[in-house]
$ cat target.csv   # CSV, C-alpha atoms
chain,number,residue,atom,x,y,z
A,1,MET,CA,-3.1,-73.3,4.6
A,2,LEU,CA,-6.0,-72.3,6.8
A,3,PRO,CA,-9.5,-72.9,5.3
A,4,ARG,CA,-11.4,-69.9,3.9
A,5,LEU,CA,-13.8,-69.4,6.7
A,6,ASP,CA,-15.9,-66.8,4.9
A,7,CYS,CA,-16.6,-69.0,1.8
A,8,ARG,CA,-20.4,-69.7,1.4
A,9,TYR,CA,-19.6,-73.4,0.7
A,10,TYR,CA,-17.3,-74.0,3.7
A,11,LYS,CA,-18.7,-76.5,6.2
A,12,GLY,CA,-15.7,-77.4,8.4
A,13,GLU,CA,-17.1,-80.7,9.8
A,14,LYS,CA,-17.1,-82.3,6.3
A,15,PRO,CA,-15.9,-81.4,2.8
A,16,CYS,CA,-17.9,-78.9,0.8
A,17,SER,CA,-20.1,-79.9,-2.0
A,18,PHE,CA,-17.2,-79.5,-4.5
A,19,LYS,CA,-15.0,-81.9,-2.5
A,20,ARG,CA,-12.0,-79.6,-2.7
A,21,VAL,CA,-9.5,-78.2,-0.1
A,22,CYS,CA,-9.6,-74.4,0.2
A,23,ASP,CA,-6.1,-73.8,-1.1
A,24,GLY,CA,-6.4,-72.7,-4.8
A,25,CYS,CA,-10.1,-73.7,-5.0
A,26,PRO,CA,-11.7,-72.0,-8.1
A,27,GLN,CA,-15.1,-72.3,-6.4
A,28,TYR,CA,-14.2,-70.0,-3.5
A,29,GLU,CA,-17.0,-67.4,-3.1
A,30,PRO,CA,-16.9,-65.1,-0.1
A,31,MET,CA,-20.2,-64.5,1.6
A,32,GLY,CA,-20.0,-60.7,1.3
A,33,ILE,CA,-22.6,-58.7,3.1
A,34,ARG,CA,-24.2,-60.9,5.8
A,35,VAL,CA,-27.9,-60.2,6.4
A,36,LEU,CA,-30.0,-61.7,9.1
A,37,ILE,CA,-33.8,-61.5,8.7
A,38,LEU,CA,-36.0,-62.3,11.8
A,39,LYS,CA,-39.6,-63.0,10.7
A,40,LEU,CA,-41.9,-65.6,12.1
A,41,GLY,CA,-45.7,-65.4,11.7
A,42,ALA,CA,-48.1,-67.4,9.6
A,43,MET,CA,-47.2,-68.7,6.1
A,44,GLY,CA,-49.0,-65.9,4.4
A,45,ASP,CA,-47.0,-63.3,6.3
A,46,ALA,CA,-43.8,-65.1,5.6
A,47,LEU,CA,-44.5,-65.3,1.9
A,48,ARG,CA,-45.5,-61.6,1.6
A,49,THR,CA,-42.1,-60.7,3.2
A,50,THR,CA,-40.1,-62.5,0.5
A,51,PRO,CA,-39.9,-59.5,-1.8
A,52,ILE,CA,-37.4,-58.0,0.6
A,53,LEU,CA,-35.0,-60.7,-0.5
A,54,THR,CA,-34.9,-59.3,-4.0
A,55,ALA,CA,-34.4,-55.8,-2.7
A,56,TYR,CA,-31.3,-56.8,-0.7
A,57,ARG,CA,-29.8,-58.8,-3.5
A,58,ARG,CA,-30.4,-55.8,-5.9
A,59,LYS,CA,-28.5,-53.5,-3.5
A,60,TYR,CA,-25.5,-55.8,-2.8
A,61,GLN,CA,-23.5,-57.7,-5.3
A,62,ARG,CA,-22.3,-60.3,-2.8
A,63,ILE,CA,-24.6,-61.2,-0.1
A,64,PHE,CA,-25.4,-64.1,2.3
A,65,ILE,CA,-29.0,-64.1,3.7
A,66,THR,CA,-30.0,-66.0,6.9
A,67,TRP,CA,-33.7,-66.1,7.7
A,68,VAL,CA,-35.1,-67.2,11.1
A,69,THR,CA,-38.7,-68.3,10.9
A,70,ASP,CA,-41.0,-70.7,12.9
A,71,ARG,CA,-42.0,-74.3,12.2
A,72,GLU,CA,-45.3,-73.3,10.6
A,73,SER,CA,-43.7,-71.0,7.9
A,74,PHE,CA,-40.6,-73.2,7.3
A,75,PRO,CA,-42.2,-75.3,4.5
A,76,ILE,CA,-43.1,-72.2,2.4
A,77,LEU,CA,-39.6,-70.8,2.6
A,78,LYS,CA,-37.4,-73.9,2.6
A,79,ASN,CA,-36.8,-74.0,-1.2
A,80,ASN,CA,-36.5,-70.3,-1.6
A,81,PRO,CA,-33.5,-69.7,-4.0
A,82,LEU,CA,-32.7,-66.3,-2.4
A,83,ILE,CA,-32.3,-67.6,1.2
A,84,ASP,CA,-28.9,-69.0,1.8
A,85,ARG,CA,-29.6,-70.4,5.3
A,86,LEU,CA,-33.1,-71.0,6.8
A,87,LEU,CA,-33.4,-71.6,10.5
A,88,ILE,CA,-36.3,-72.3,12.9
A,89,ASN,CA,-36.7,-70.1,15.9
A,90,ASP,CA,-35.6,-72.5,18.6
A,91,PRO,CA,-32.5,-72.3,20.9
A,92,ILE,CA,-30.7,-75.2,19.2
A,93,GLN,CA,-30.7,-73.3,15.9
A,94,THR,CA,-30.5,-69.7,17.0
A,95,LEU,CA,-28.0,-69.9,19.8
A,96,PRO,CA,-25.0,-70.1,17.3
A,97,LEU,CA,-26.2,-66.8,15.8
A,98,LEU,CA,-25.1,-65.0,19.0
A,99,SER,CA,-21.4,-65.9,18.3
A,100,GLN,CA,-21.6,-64.6,14.7
A,101,GLU,CA,-21.2,-61.2,13.2
A,102,PHE,CA,-23.7,-59.8,10.7
A,103,ASP,CA,-23.5,-56.6,8.6
A,104,ILE,CA,-27.3,-56.1,8.7
A,105,MET,CA,-30.0,-57.5,11.0
A,106,ILE,CA,-33.6,-56.7,10.5
A,107,CYS,CA,-36.4,-57.8,12.9
A,108,LEU,CA,-39.8,-57.8,11.3
A,109,ASP,CA,-41.7,-59.4,14.2
A,110,LYS,CA,-42.8,-58.1,17.6
A,111,ASP,CA,-42.8,-61.5,19.2
A,112,PRO,CA,-40.8,-61.3,22.4
A,113,SER,CA,-38.7,-64.4,21.6
A,114,VAL,CA,-37.7,-62.7,18.4
A,115,THR,CA,-37.0,-59.1,19.6
A,116,ALA,CA,-35.0,-60.6,22.5
A,117,LEU,CA,-32.9,-62.5,20.0
A,118,ALA,CA,-32.5,-59.3,17.9
A,119,MET,CA,-31.2,-57.4,21.0
A,120,GLN,CA,-28.4,-60.0,21.4
A,121,VAL,CA,-27.3,-60.4,17.8
A,122,GLN,CA,-24.0,-58.7,16.8
A,123,ALA,CA,-24.7,-56.6,13.8
A,124,ARG,CA,-23.1,-53.5,12.3
A,125,GLU,CA,-26.6,-52.1,11.4
A,126,ARG,CA,-29.9,-53.0,13.0
A,127,PHE,CA,-33.3,-52.3,11.7
A,128,GLY,CA,-36.9,-53.0,12.6
A,129,PHE,CA,-38.5,-54.0,15.9
A,130,ALA,CA,-36.5,-54.1,19.1
A,131,MET,CA,-37.2,-54.8,22.8
A,132,SER,CA,-37.3,-52.0,25.3
A,133,PRO,CA,-35.7,-52.3,28.7
A,134,TYR,CA,-39.3,-52.9,30.0
A,135,GLY,CA,-39.8,-55.9,27.7
A,136,THR,CA,-42.1,-54.0,25.4
A,137,PRO,CA,-41.8,-53.5,21.6
A,138,ASP,CA,-39.5,-50.7,20.5
A,139,VAL,CA,-37.6,-50.0,17.3
A,140,PHE,CA,-33.9,-49.9,16.3
A,141,ASN,CA,-34.2,-47.2,13.7
A,142,ASP,CA,-36.5,-44.1,13.2
A,143,ALA,CA,-37.7,-45.5,9.9
A,144,SER,CA,-39.4,-48.3,11.7
A,145,LEU,CA,-41.5,-46.0,13.9
A,146,TYR,CA,-44.4,-45.9,11.4
A,147,ALA,CA,-44.7,-49.7,11.5
A,148,LEU,CA,-44.7,-49.6,15.3
A,149,ARG,CA,-47.4,-46.9,15.3
A,150,LEU,CA,-49.6,-49.1,13.1
A,151,GLY,CA,-49.8,-51.6,15.8
A,152,VAL,CA,-51.0,-49.2,18.5
A,153,ASP,CA,-53.1,-46.7,16.5
A,154,ASP,CA,-56.2,-48.3,15.0
A,155,TYR,CA,-57.3,-45.1,13.2
A,156,LEU,CA,-53.9,-44.9,11.5
A,157,LYS,CA,-54.0,-48.6,10.5
A,158,PHE,CA,-57.6,-48.9,9.6
A,159,PHE,CA,-58.3,-45.6,7.9
A,160,GLU,CA,-55.3,-43.4,7.2
A,161,ASN,CA,-52.6,-45.8,6.1
A,162,THR,CA,-52.3,-46.3,2.3
A,163,LYS,CA,-49.0,-48.2,2.3
A,164,THR,CA,-48.8,-51.9,1.4
A,165,TYR,CA,-47.1,-54.3,3.7
A,166,GLN,CA,-44.1,-54.4,1.3
A,167,GLN,CA,-43.8,-50.6,1.3
A,168,ILE,CA,-43.8,-50.7,5.1
A,169,ILE,CA,-41.0,-53.3,5.5
A,170,TYR,CA,-38.9,-51.7,2.8
A,171,GLU,CA,-39.2,-48.4,4.7
A,172,MET,CA,-38.2,-50.3,7.9
A,173,ALA,CA,-35.1,-51.7,6.1
A,174,GLU,CA,-34.3,-48.3,4.6
A,175,LEU,CA,-34.4,-49.9,1.1
A,176,PRO,CA,-35.6,-48.1,-2.0
A,177,ALA,CA,-39.3,-48.6,-2.7
A,178,ASN,CA,-39.9,-51.1,-5.4
A,179,ARG,CA,-42.8,-53.5,-6.3
A,180,ASP,CA,-40.8,-56.6,-6.2
A,181,PRO,CA,-43.0,-59.8,-6.6
A,182,TYR,CA,-43.2,-62.6,-4.1
A,183,VAL,CA,-40.5,-65.2,-4.3
A,184,PHE,CA,-41.8,-68.8,-4.1
A,185,ALA,CA,-40.1,-71.8,-5.6
A,186,LEU,CA,-42.8,-74.1,-7.0
A,187,GLN,CA,-41.0,-77.4,-7.4
A,188,THR,CA,-41.3,-79.1,-10.8
A,189,ASP,CA,-42.6,-82.4,-9.3
A,190,ASP,CA,-45.4,-80.5,-7.4
A,191,ARG,CA,-46.4,-78.6,-10.6
A,192,ILE,CA,-46.5,-81.8,-12.6
A,193,ALA,CA,-48.5,-83.6,-9.9
A,194,ALA,CA,-51.0,-80.7,-9.6
A,195,HIS,CA,-51.5,-80.7,-13.4
A,196,HIS,CA,-52.0,-84.4,-13.4
A,197,ILE,CA,-54.7,-84.1,-10.7
A,198,ILE,CA,-56.6,-81.5,-12.7
A,199,GLU,CA,-56.4,-83.4,-15.9
A,200,THR,CA,-57.7,-86.7,-14.4
A,201,LEU,CA,-60.6,-85.1,-12.6
A,202,SER,CA,-62.6,-84.3,-15.8
A,203,PRO,CA,-64.5,-81.3,-14.3
A,204,GLN,CA,-67.7,-80.1,-15.8
A,205,GLY,CA,-67.6,-76.9,-17.9
A,206,ASN,CA,-65.7,-75.6,-20.9
A,207,GLY,CA,-64.9,-72.2,-19.5
A,208,PRO,CA,-62.1,-71.0,-17.2
A,209,ARG,CA,-60.9,-72.8,-14.2
A,210,ILE,CA,-62.0,-71.0,-11.0
A,211,GLY,CA,-60.6,-72.0,-7.6
A,212,LEU,CA,-62.8,-71.3,-4.6
A,213,ASN,CA,-60.6,-71.4,-1.4
A,214,THR,CA,-63.2,-71.8,1.3
A,215,GLY,CA,-61.0,-71.5,4.4
A,216,CYS,CA,-59.6,-68.6,6.3
A,217,GLY,CA,-57.0,-70.2,8.7
A,218,THR,CA,-57.5,-70.9,12.4
A,219,VAL,CA,-56.7,-67.5,14.0
A,220,PHE,CA,-59.2,-65.1,12.5
A,221,ALA,CA,-62.5,-67.0,12.0
A,222,THR,CA,-64.1,-63.6,11.3
A,223,LYS,CA,-62.4,-63.6,7.8
A,224,LYS,CA,-64.5,-66.5,6.7
A,225,TRP,CA,-67.0,-66.1,3.8
A,226,PRO,CA,-70.2,-68.0,4.5
A,227,MET,CA,-70.5,-71.5,2.9
A,228,ASN,CA,-73.9,-70.6,1.3
A,229,HIS,CA,-72.2,-67.7,-0.5
A,230,PHE,CA,-69.6,-70.1,-2.0
A,231,VAL,CA,-72.5,-72.3,-3.1
A,232,GLN,CA,-74.2,-69.4,-4.8
A,233,LEU,CA,-71.0,-68.1,-6.4
A,234,ALA,CA,-70.3,-71.6,-7.8
A,235,ARG,CA,-73.8,-71.6,-9.4
A,236,LEU,CA,-73.2,-68.2,-10.9
A,237,ILE,CA,-69.8,-69.2,-12.3
A,238,ARG,CA,-71.4,-72.2,-14.0
A,239,GLN,CA,-74.2,-70.0,-15.4
A,240,HIS,CA,-72.3,-66.9,-16.5
A,241,VAL,CA,-69.0,-68.3,-17.9
A,242,ASP,CA,-69.5,-72.1,-18.0
A,243,GLY,CA,-66.5,-72.2,-15.6
A,244,GLN,CA,-64.9,-75.3,-14.1
A,245,VAL,CA,-65.3,-74.8,-10.4
A,246,PHE,CA,-62.7,-76.3,-8.0
A,247,LEU,CA,-63.1,-76.3,-4.2
A,248,LEU,CA,-59.7,-75.7,-2.6
A,249,GLY,CA,-58.4,-75.7,0.9
A,250,GLY,CA,-56.5,-77.6,3.6
A,251,PRO,CA,-57.5,-80.2,6.1
A,252,GLY,CA,-59.7,-77.6,7.9
A,253,GLU,CA,-61.8,-77.1,4.8
A,254,GLU,CA,-62.3,-80.8,3.8
A,255,GLN,CA,-65.7,-81.1,5.6
A,256,GLU,CA,-67.1,-77.9,4.1
A,257,ASN,CA,-65.8,-78.7,0.6
A,258,ARG,CA,-67.5,-82.1,0.8
A,259,ALA,CA,-70.7,-80.5,2.0
A,260,ILE,CA,-70.7,-78.1,-1.0
A,261,THR,CA,-70.1,-81.0,-3.3
A,262,ASP,CA,-73.0,-82.8,-1.8
A,263,ILE,CA,-75.2,-79.8,-2.5
A,264,LEU,CA,-74.0,-79.0,-6.0
A,265,GLY,CA,-72.9,-82.5,-7.2
A,266,PRO,CA,-70.8,-82.6,-10.4
A,267,ALA,CA,-71.2,-78.9,-10.9
A,268,VAL,CA,-68.1,-78.5,-8.7
A,269,THR,CA,-64.9,-80.5,-8.3
A,270,PHE,CA,-63.1,-81.2,-5.0
A,271,PRO,CA,-59.5,-82.3,-5.8
A,272,GLY,CA,-58.9,-83.4,-2.2
A,273,ILE,CA,-56.3,-82.4,0.4
A,274,HIS,CA,-52.7,-82.2,-0.6
A,275,PRO,CA,-49.3,-81.1,0.7
A,276,LEU,CA,-48.3,-77.5,0.5
A,277,GLY,CA,-46.3,-77.8,-2.8
A,278,ILE,CA,-49.1,-79.6,-4.7
A,279,PHE,CA,-51.7,-77.1,-3.3
A,280,ALA,CA,-49.5,-74.3,-4.7
A,281,GLY,CA,-49.5,-76.2,-8.0
A,282,LEU,CA,-53.3,-76.4,-8.0
A,283,LEU,CA,-53.5,-72.7,-7.4
A,284,GLY,CA,-51.2,-72.2,-10.3
A,285,GLU,CA,-53.5,-74.3,-12.5
A,286,MET,CA,-56.4,-71.9,-11.9
A,287,ASP,CA,-57.3,-69.0,-14.2
A,288,ALA,CA,-58.7,-67.2,-11.1
A,289,ILE,CA,-59.0,-67.7,-7.4
A,290,VAL,CA,-61.6,-66.4,-4.9
A,291,THR,CA,-60.4,-66.4,-1.4
A,292,SER,CA,-60.6,-64.5,1.9
A,293,ASP,CA,-57.5,-62.8,3.3
A,294,THR,CA,-55.5,-65.9,4.1
A,295,MET,CA,-52.4,-67.9,2.9
A,296,ALA,CA,-54.0,-69.0,-0.3
A,297,LEU,CA,-54.4,-65.3,-1.4
A,298,HIS,CA,-50.6,-64.8,-1.1
A,299,LEU,CA,-49.7,-68.2,-2.6
A,300,GLY,CA,-52.1,-67.5,-5.5
A,301,LEU,CA,-50.3,-64.2,-6.2
A,302,ALA,CA,-46.9,-66.0,-5.9
A,303,VAL,CA,-47.7,-68.5,-8.5
A,304,GLY,CA,-49.2,-65.9,-10.9
A,305,SER,CA,-52.9,-66.5,-10.8
A,306,GLN,CA,-55.6,-63.9,-10.8
A,307,VAL,CA,-56.8,-63.4,-7.2
A,308,ILE,CA,-60.0,-61.9,-6.0
A,309,GLY,CA,-59.5,-61.3,-2.3
A,310,LEU,CA,-62.5,-60.9,0.1
A,311,PHE,CA,-61.9,-58.5,3.0
A,312,GLY,CA,-63.9,-57.7,6.0
A,313,PRO,CA,-62.1,-57.5,9.4
A,314,THR,CA,-58.6,-57.0,7.9
A,315,CYS,CA,-57.1,-54.1,5.9
A,316,ALA,CA,-57.1,-54.6,2.1
A,317,GLN,CA,-54.9,-51.6,1.5
A,318,GLU,CA,-51.9,-53.5,2.9
A,319,ILE,CA,-52.1,-56.1,0.1
A,320,ASP,CA,-50.4,-55.5,-3.2
A,321,PHE,CA,-52.2,-57.5,-5.9
A,322,TYR,CA,-49.5,-56.6,-8.5
A,323,GLY,CA,-52.2,-56.1,-11.1
A,324,LYS,CA,-53.3,-59.7,-10.8
A,325,GLY,CA,-56.6,-59.2,-9.2
A,326,GLU,CA,-58.2,-56.9,-6.6
A,327,PRO,CA,-59.8,-56.8,-3.2
A,328,VAL,CA,-63.5,-56.9,-2.6
A,329,VAL,CA,-64.0,-54.9,0.6
A,330,VAL,CA,-67.0,-55.1,2.8
A,331,THR,CA,-69.1,-52.0,3.6
A,332,CYS,CA,-69.7,-52.1,7.3
A,333,ASP,CA,-69.4,-49.5,10.1
A,334,CYS,CA,-67.3,-51.7,12.3
A,335,SER,CA,-64.8,-53.0,9.8
A,336,PRO,CA,-62.0,-53.4,9.8
A,337,CYS,CA,-61.7,-54.6,13.3
A,338,TYR,CA,-59.0,-57.4,13.4
A,339,ARG,CA,-61.2,-59.3,15.9
A,340,LYS,CA,-60.8,-63.0,16.1
A,341,THR,CA,-64.5,-63.4,16.9
A,342,CYS,CA,-67.5,-61.3,16.0
A,343,LYS,CA,-70.1,-60.2,18.6
A,344,LEU,CA,-72.8,-59.5,16.0
A,345,PRO,CA,-75.4,-62.0,14.8
A,346,GLU,CA,-73.7,-62.1,11.4
A,347,SER,CA,-70.1,-61.4,10.4
A,348,CYS,CA,-69.4,-58.4,8.1
A,349,MET,CA,-68.2,-60.9,5.5
A,350,THR,CA,-71.9,-61.8,4.9
A,351,ASN,CA,-72.3,-58.4,3.3
A,352,ILE,CA,-70.1,-59.4,0.4
A,353,THR,CA,-72.6,-60.8,-2.0
A,354,PRO,CA,-71.9,-63.6,-4.5
A,355,GLU,CA,-73.3,-61.4,-7.3
A,356,HIS,CA,-70.8,-58.7,-6.6
A,357,VAL,CA,-67.9,-61.1,-6.5
A,358,MET,CA,-69.1,-62.6,-9.8
A,359,ASP,CA,-69.2,-59.1,-11.4
A,360,VAL,CA,-65.6,-58.5,-10.3
A,361,LEU,CA,-64.5,-62.0,-11.4
A,362,GLU,CA,-66.0,-61.6,-14.9
A,363,THR,CA,-64.0,-58.4,-15.3
A,364,TYR,CA,-60.7,-60.2,-14.8
A,365,LEU,CA,-61.7,-63.2,-16.8
A,366,LYS,CA,-62.2,-60.9,-19.8
A,367,GLN,CA,-58.7,-59.5,-19.6

$ encode --input "target.csv" --output "structure tokens"
Amino acid sequence: MLPRLDCRYYKGEKPCSFKRVCDGCPQYEPMGIRVLILKLGAMGDALRTTPILTAYRRKYQRIFITWVTDRESFPILKNNPLIDRLLINDPIQTLPLLSQEFDIMICLDKDPSVTALAMQVQARERFGFAMSPYGTPDVFNDASLYALRLGVDDYLKFFENTKTYQQIIYEMAELPANRDPYVFALQTDDRIAAHHIIETLSPQGNGPRIGLNTGCGTVFATKKWPMNHFVQLARLIRQHVDGQVFLLGGPGEEQENRAITDILGPAVTFPGIHPLGIFAGLLGEMDAIVTSDTMALHLGLAVGSQVIGLFGPTCAQEIDFYGKGEPVVVTCDCSPCYRKTCKLPESCMTNITPEHVMDVLETYLKQ
């Protein structure tokens, strides 16, 4: 008897995980609706796209989801329980997609390498961004025109738009609007390791644990909150709520976090640099997190912490905090701007005062 080629467990080159032949196998499970998601971008962007997985699985009883991402975002998606197959955007992994058939393909990225792939994929329905005959961004469906306009109309994006990113991508996919949360699989070993790190550090303070994520990524340096503001906020946290202050970040923030530690001494705790999973676990150990608009903001929301987001050059209205915090938005004539560098003597982020952030933080700590 021929193998059941549409079974989600069928491999072909070796036995499936159940070690059975297809004939009469009780574990046979057809893939059902085959969905292909094309979304690259930074880890924060990938993470805030994960709610669409829940939306698709709510709509279809049987579904098999393939997601194409890039190497940077792969680690944050690799253990996601709602993704059946995760691929990296390189020819070795994506070329086989051109010989397959999908029921639904949605492209949520304007990168030419992605839209070119989207144009070649065989799919019964196509949504999202496409490539025009001129090699420029286009759309497959009318419902994606708004997302396309956001990229070319600064006034619409900066001042008129009130939709969150999730509302925009649901609209592109023609899925019913719903505030589905982020989907992130914090591994048990990482959670335990993070808890152990916190417990062995013996931080000063008897109040809540507050994580200060001092970085902003490498692309938009304009999103960075000044180091001296973090220093002053740490002092206020110790004075107002006797909080345990943890300095968080990746390798790019190690030097600054050590410099803050040199200034404040044992009043702050720097738990060191850790892999992504343990970093997520550390965020989950916090009662609240203060961070600029970067990956830690989305990861903090994904693990259920209260998050105070600091916004200057980017649009706060696109972020859904799910009732777990709120944005602190700078007041400045030239923001938002989405510039990678600032031509002014001081970035707009300087206008967000530590005192104001402390007031917002205290509000959420009392809840």

$ residues_around --input "target.csv" --residues "Val231 in chain A" --least-positions-apart "3" --cutoff "12 Å" --atoms "only C-alpha atoms" --output "ChimeraX atom specification"
/A:212,214,225-228,234-238,245-247,256-265,267-268,353-355

$ closest_residue --input "target.csv" --among "A:Leu186, A:Leu301, A:Ile192, A:Ile63" --to "Asn80 in chain A" --atoms "only C-alpha atoms"
A:Leu186

$ atom_distance --input "target.csv" --atom1 "CA of Tyr322 in chain A" --atom2 "CA of Gln367 in chain A"
14.7 Å

$ atom_distance --input "target.csv" --atom1 "CA of Phe140 in chain A" --atom2 "CA of Ile169 in chain A"
13.4 Å

$ closest_residue --input "target.csv" --among "A:Asp70, A:Leu36, A:Gln167, A:Cys332" --to "Arg124 in chain A" --atoms "only C-alpha atoms"
A:Leu36

$ residues_around --input "target.csv" --residues "range 82-85 of chain A" --least-positions-apart "5" --cutoff "8 Å" --atoms "all atoms listed in the file" --output "list in words"
Leu53, Thr54, Phe64, Ile65, Thr66 and Trp67 of chain A

$ write_last_selection --input "target.csv" --atoms "C-alpha atoms" --output "mmCIF file, in the coordinates of the input"
data_model
loop_
_atom_site.group_PDB
_atom_site.id
_atom_site.type_symbol
_atom_site.label_atom_id
_atom_site.label_comp_id
_atom_site.auth_asym_id
_atom_site.auth_seq_id
_atom_site.Cartn_x
_atom_site.Cartn_y
_atom_site.Cartn_z
ATOM 1 C CA LEU A 53 -35.000 -60.700 -0.500
ATOM 2 C CA THR A 54 -34.900 -59.300 -4.000
ATOM 3 C CA PHE A 64 -25.400 -64.100 2.300
ATOM 4 C CA ILE A 65 -29.000 -64.100 3.700
ATOM 5 C CA THR A 66 -30.000 -66.000 6.900
ATOM 6 C CA TRP A 67 -33.700 -66.100 7.700
#
